[in-house]
>>> print(open('final-v3.tsv').read())   # TSV, C-alpha atoms
chain	number	residue	atom	x	y	z
A	1	MET	CA	-4.29	-24.53	35.03
A	2	PRO	CA	-6.74	-22.57	32.86
A	3	ARG	CA	-5.13	-20.65	30.02
A	4	ILE	CA	-6.49	-17.30	31.24
A	5	GLN	CA	-4.79	-17.82	34.60
A	6	ALA	CA	-1.45	-18.62	32.95
A	7	GLU	CA	-1.65	-15.48	30.82
A	8	SER	CA	-2.56	-13.42	33.88
A	9	ASN	CA	0.43	-14.76	35.81
A	10	ALA	CA	2.78	-14.09	32.90
A	11	ALA	CA	1.46	-10.53	32.61
A	12	GLN	CA	1.95	-9.94	36.31
A	13	ARG	CA	5.50	-11.25	36.15
A	14	ALA	CA	6.22	-8.91	33.24
A	15	VAL	CA	4.83	-5.94	35.18
A	16	THR	CA	6.94	-6.79	38.24
A	17	GLN	CA	10.08	-7.22	36.16
A	18	ARG	CA	9.42	-3.89	34.44
A	19	ARG	CA	9.11	-2.18	37.84
A	20	ILE	CA	12.41	-3.70	38.95
A	21	LEU	CA	14.26	-2.60	35.81
A	22	ASP	CA	12.76	0.90	35.95
A	23	ALA	CA	13.68	1.21	39.64
A	24	PHE	CA	17.23	0.09	38.90
A	25	GLY	CA	17.52	2.69	36.12
A	26	GLN	CA	16.26	5.45	38.40
A	27	LEU	CA	18.78	4.53	41.07
A	28	LEU	CA	21.62	4.40	38.55
A	29	PHE	CA	20.70	7.92	37.46
A	30	THR	CA	20.33	9.41	40.93
A	31	ARG	CA	22.94	7.47	42.93
A	32	GLY	CA	25.24	5.64	40.54
A	33	LEU	CA	26.27	1.99	40.64
A	34	PRO	CA	28.81	1.90	43.53
A	35	GLY	CA	27.15	0.78	46.75
A	36	LEU	CA	23.82	-0.03	45.11
A	37	THR	CA	22.16	-3.14	46.57
A	38	MET	CA	19.31	-5.46	45.72
A	39	THR	CA	17.52	-4.16	48.82
A	40	ASP	CA	17.74	-0.60	47.44
A	41	VAL	CA	16.24	-1.76	44.15
A	42	ALA	CA	13.43	-3.66	45.88
A	43	ARG	CA	12.55	-0.62	48.00
A	44	GLN	CA	12.55	1.67	44.97
A	45	ALA	CA	10.38	-0.77	43.00
A	46	GLY	CA	7.95	-1.26	45.88
A	47	VAL	CA	8.43	-5.03	45.95
A	48	GLY	CA	9.96	-7.48	48.40
A	49	ARG	CA	13.67	-8.26	48.16
A	50	THR	CA	12.79	-11.88	47.40
A	51	ALA	CA	10.84	-10.73	44.35
A	52	VAL	CA	13.99	-9.13	42.91
A	53	TYR	CA	15.94	-12.36	43.45
A	54	ASN	CA	13.20	-14.25	41.62
A	55	TYR	CA	14.31	-12.48	38.45
A	56	TYR	CA	18.01	-11.72	39.04
A	57	ALA	CA	20.48	-13.75	41.07
A	58	ASP	CA	22.73	-10.78	41.93
A	59	MET	CA	23.58	-7.19	41.01
A	60	GLU	CA	25.69	-8.27	38.06
A	61	GLU	CA	22.80	-10.20	36.53
A	62	LEU	CA	20.48	-7.26	37.18
A	63	LEU	CA	22.92	-4.85	35.54
A	64	ILE	CA	23.28	-6.99	32.43
A	65	GLY	CA	19.48	-7.47	32.30
A	66	TYR	CA	18.99	-3.72	32.45
A	67	ALA	CA	21.66	-3.07	29.81
A	68	LEU	CA	20.13	-5.60	27.41
A	69	ASP	CA	16.65	-4.22	27.97
A	70	GLU	CA	17.79	-0.63	27.35
A	71	THR	CA	19.74	-1.56	24.23
A	72	GLY	CA	16.94	-3.77	22.90
A	73	ARG	CA	14.35	-1.03	23.25
A	74	PHE	CA	16.72	1.47	21.64
A	75	LEU	CA	17.24	-0.83	18.64
A	76	THR	CA	13.50	-1.38	18.21
A	77	ASP	CA	12.78	2.37	18.26
A	78	LEU	CA	15.68	3.14	15.92
A	79	LYS	CA	14.61	0.54	13.35
A	80	ALA	CA	11.09	1.97	13.39
A	81	GLN	CA	12.45	5.47	12.68
A	82	LEU	CA	14.66	4.21	9.86
A	83	ALA	CA	11.95	2.13	8.19
A	84	GLY	CA	10.20	5.03	6.49
A	85	LEU	CA	13.31	6.70	5.02
A	86	ALA	CA	14.58	5.89	1.55
A	87	ASN	CA	17.62	8.19	1.34
A	88	PRO	CA	20.63	6.63	3.11
A	89	ILE	CA	22.06	10.04	4.12
A	90	ASP	CA	18.77	10.84	5.85
A	91	ARG	CA	18.93	7.43	7.54
A	92	LEU	CA	22.48	8.21	8.65
A	93	ALA	CA	21.21	11.46	10.22
A	94	VAL	CA	18.52	9.57	12.14
A	95	TYR	CA	21.06	7.01	13.34
A	96	ILE	CA	23.49	9.70	14.55
A	97	ARG	CA	20.74	11.77	16.20
A	98	ALA	CA	19.34	8.76	18.03
A	99	GLN	CA	22.79	7.74	19.24
A	100	VAL	CA	23.63	11.25	20.50
A	101	GLU	CA	20.36	11.46	22.41
A	102	ASP	CA	20.77	7.96	23.83
A	103	LEU	CA	24.36	8.51	24.94
A	104	SER	CA	23.44	11.81	26.61
A	105	ARG	CA	20.71	10.25	28.76
A	106	ARG	CA	22.21	6.79	29.31
A	107	HIS	CA	22.67	5.81	32.95
A	108	LEU	CA	25.04	2.96	32.25
A	109	PRO	CA	28.79	3.23	32.73
A	110	PRO	CA	30.74	3.43	29.44
A	111	GLY	CA	32.28	0.29	27.92
A	112	PRO	CA	35.57	0.17	29.88
A	113	ALA	CA	33.75	0.81	33.17
A	114	MET	CA	31.26	-1.94	32.35
A	115	ARG	CA	34.17	-4.33	31.83
A	116	ALA	CA	35.38	-3.47	35.33
A	117	VAL	CA	32.11	-4.44	37.02
A	118	LEU	CA	31.03	-7.37	34.83
A	119	SER	CA	32.54	-10.78	34.33
A	120	ALA	CA	33.87	-11.54	30.85
A	121	GLN	CA	30.93	-13.86	30.22
A	122	SER	CA	28.37	-11.23	31.22
A	123	PHE	CA	30.09	-8.49	29.22
A	124	ALA	CA	30.08	-10.73	26.17
A	125	LYS	CA	26.26	-10.88	26.32
A	126	LEU	CA	26.18	-7.24	25.28
A	127	GLY	CA	28.11	-8.06	22.12
A	128	ASP	CA	25.12	-9.21	20.09
A	129	HIS	CA	23.30	-5.90	20.53
A	130	VAL	CA	26.44	-3.87	19.85
A	131	GLY	CA	27.04	-6.01	16.77
A	132	GLU	CA	23.49	-5.38	15.58
A	133	LEU	CA	23.99	-1.62	15.91
A	134	ASN	CA	27.23	-1.87	13.94
A	135	ALA	CA	25.50	-3.94	11.26
A	136	LEU	CA	22.71	-1.36	11.01
A	137	LEU	CA	25.17	1.49	10.50
A	138	ALA	CA	27.32	-0.57	8.11
A	139	GLN	CA	24.28	-1.23	5.89
A	140	ILE	CA	23.40	2.48	5.83
A	141	LEU	CA	26.95	3.32	4.74
A	142	ARG	CA	27.02	0.59	2.09
A	143	ASP	CA	23.66	1.75	0.70
A	144	ALA	CA	24.96	5.33	0.55
A	145	MET	CA	28.04	4.18	-1.38
A	146	ALA	CA	26.01	1.99	-3.73
A	147	GLU	CA	23.66	4.88	-4.53
A	148	GLY	CA	26.50	7.35	-5.04
A	149	TYR	CA	25.92	9.51	-1.97
A	150	LEU	CA	29.26	8.54	-0.40
A	151	PRO	CA	32.62	7.77	-2.02
A	152	GLU	CA	33.82	4.18	-1.82
A	153	ALA	CA	35.71	3.62	1.44
A	154	ASP	CA	36.53	0.99	4.05
A	155	VAL	CA	33.28	0.49	5.97
A	156	GLU	CA	35.05	-0.75	9.10
A	157	GLU	CA	37.14	2.43	9.23
A	158	LEU	CA	34.02	4.55	8.82
A	159	LEU	CA	32.31	2.67	11.65
A	160	GLY	CA	35.20	3.58	13.92
A	161	LEU	CA	35.10	7.21	12.79
A	162	VAL	CA	31.35	7.53	13.40
A	163	HIS	CA	31.30	5.87	16.80
A	164	GLY	CA	34.44	7.69	17.92
A	165	SER	CA	32.85	11.02	16.98
A	166	LEU	CA	29.63	10.08	18.77
A	167	THR	CA	31.49	9.23	21.98
A	168	ALA	CA	33.51	12.45	21.84
A	169	SER	CA	30.34	14.48	21.25
A	170	ALA	CA	28.57	12.85	24.19
A	171	ASP	CA	31.56	13.50	26.46
A	172	ARG	CA	31.65	17.17	25.44
A	173	GLY	CA	27.90	17.52	25.95
A	174	ARG	CA	28.06	16.05	29.46
A	175	ALA	CA	31.01	18.29	30.38
A	176	GLU	CA	29.18	21.40	29.19
A	177	GLU	CA	26.02	20.44	31.07
A	178	GLU	CA	27.97	19.89	34.27
A	179	ALA	CA	29.73	23.24	33.86
A	180	GLU	CA	26.47	25.08	33.23
A	181	GLU	CA	24.45	22.96	35.70
A	182	ALA	CA	21.53	23.09	33.27
A	183	ALA	CA	21.47	22.59	29.52
A	184	HIS	CA	19.01	24.60	27.44
A	185	ASP	CA	16.98	22.57	24.96
A	186	ALA	CA	17.89	24.90	22.09
A	187	ASP	CA	21.61	24.56	22.84
A	188	THR	CA	21.28	20.78	23.04
A	189	ASP	CA	19.45	20.67	19.70
A	190	ARG	CA	22.12	22.83	18.06
A	191	ARG	CA	24.89	20.59	19.40
A	192	THR	CA	23.08	17.51	18.15
A	193	GLU	CA	22.50	18.89	14.65
A	194	ALA	CA	26.11	20.12	14.49
A	195	THR	CA	27.26	16.58	15.36
A	196	VAL	CA	24.97	15.09	12.71
A	197	ARG	CA	26.36	17.34	9.98
A	198	PHE	CA	29.96	16.98	11.17
A	199	ILE	CA	29.79	13.17	10.95
A	200	GLN	CA	27.93	13.20	7.64
A	201	LEU	CA	30.64	15.41	6.13
A	202	GLY	CA	33.32	13.31	7.80
A	203	VAL	CA	32.24	10.15	6.00
A	204	GLY	CA	32.08	12.00	2.68
A	205	ALA	CA	28.48	13.23	2.28
A	206	ARG	CA	27.90	16.46	0.36
A	207	PHE	CA	24.87	18.76	0.28
A	208	ASP	CA	23.34	21.41	-1.99
A	209	ASP	CA	22.52	24.95	-0.89
A	210	ARG	CA	19.19	23.78	0.54
A	211	GLY	CA	20.83	21.05	2.62
A	212	HIS	CA	19.72	18.15	0.41
A	213	PRO	CA	22.18	15.25	-0.06
A	214	LEU	CA	24.06	15.22	-3.35
A	215	ARG	CA	25.17	12.17	-5.34
>>> encode(input="final-v3.tsv", output="structure tokens")
Amino acid sequence: MPRIQAESNAAQRAVTQRRILDAFGQLLFTRGLPGLTMTDVARQAGVGRTAVYNYYADMEELLIGYALDETGRFLTDLKAQLAGLANPIDRLAVYIRAQVEDLSRRHLPPGPAMRAVLSAQSFAKLGDHVGELNALLAQILRDAMAEGYLPEADVEELLGLVHGSLTASADRGRAEEEAEEAAHDADTDRRTEATVRFIQLGVGARFDDRGHPLR
């Protein structure tokens, strides 16, 4: 087979898979996971049901594929945002802000709910990405301690504090949006920035009168 044909086929497969994953995400957002079928996904993606099965054997495999794709893209974007920042407290702000925004728009069920719909083996596949996120945050915290922006502390305990605060903030944000039926962008931005500063102060960061991190 000519090389150009092989590349063309690979590109077409990638486009089809992207359409399937995007369709699945749209259905998760509008309908939720219960009762969702491969036929629904195929119809939403505009492909035949057989095409979906060419990529994913069942709904569980499709769900884990979508979760890994979402998390992988999030990690790539986050690393790109962090790359240009030298100050670890500024990097911590970017990490928190990205997590708040991601949690507020995420269509996936939370961790315990994912455990209920996935086999142990499938759920374990998410561990590498979660571990990479934890490692990213842990390095930011260690850098901040090494440079004197945070007091010395148990990094594992701080990881729990940060992620616990992020989850609580996301839950509050969703509850407020449901109560109001529509969230205003300005209100959302204020909530996000309040969460950023709350977590920064919670791990020990301090700021001058202009909001710049202090050693």
>>> closest_residue(input="final-v3.tsv", among="A:Arg31, A:His212, A:Gly25, A:Ile20", to="Arg43 in chain A", atoms="all atoms listed in the file")
A:Ile20
>>> residues_near_point(input="final-v3.tsv", point="(24.9, -2.9, 47.3)", cutoff="12 Å", atoms="only C-alpha atoms", output="PyMOL selection string")
chain A and resi 24+27-28+31-42+58-60+62
>>> closest_residue(input="final-v3.tsv", among="A:Gly148, A:Arg13, A:Tyr56, A:Ala93", to="Glu193 in chain A", atoms="only C-alpha atoms")
A:Ala93
>>> closest_residue(input="final-v3.tsv", among="A:Gln81, A:Leu166, A:Val52, A:Leu158", to="Leu103 in chain A", atoms="only C-alpha atoms")
A:Leu166
>>> atom_distance(input="final-v3.tsv", atom1="CA of Thr71 in chain A", atom2="CA of Glu132 in chain A")
10.2 Å
>>> closest_residue(input="final-v3.tsv", among="A:Gly48, A:Gly65, A:Pro88, A:Pro151", to="Val203 in chain A", atoms="only C-alpha atoms")
A:Pro151
>>> residues_around(input="final-v3.tsv", residues="Thr192 in chain A", least_positions_apart="2", cutoff="9 Å", atoms="all atoms listed in the file", output="list in words")
Ile96, Arg97, Val100, Glu101, Ser169, Asp187, Thr188, Asp189, Arg190, Ala194, Thr195, Val196 and Arg197 of chain A
>>> closest_residue(input="final-v3.tsv", among="A:Gln200, A:Asn87, A:Gln99, A:Ser165", to="Ala144 in chain A", atoms="only C-alpha atoms")
A:Asn87
>>> residues_around(input="final-v3.tsv", residues="Arg215 in chain A", least_positions_apart="2", cutoff="9 Å", atoms="only C-alpha atoms", output="list in words")
Glu147, Gly148, Tyr149, Leu150, Ala205, Arg206, Phe207 and Pro213 of chain A
>>> closest_residue(input="final-v3.tsv", among="A:Met145, A:Ala57, A:Leu63, A:Ala80", to="Ala23 in chain A", atoms="only C-alpha atoms")
A:Leu63
>>> atom_distance(input="final-v3.tsv", atom1="CA of Tyr95 in chain A", atom2="CA of Asp69 in chain A")
19.0 Å
>>> atom_distance(input="final-v3.tsv", atom1="CA of Ala86 in chain A", atom2="CA of Arg210 in chain A")
18.5 Å
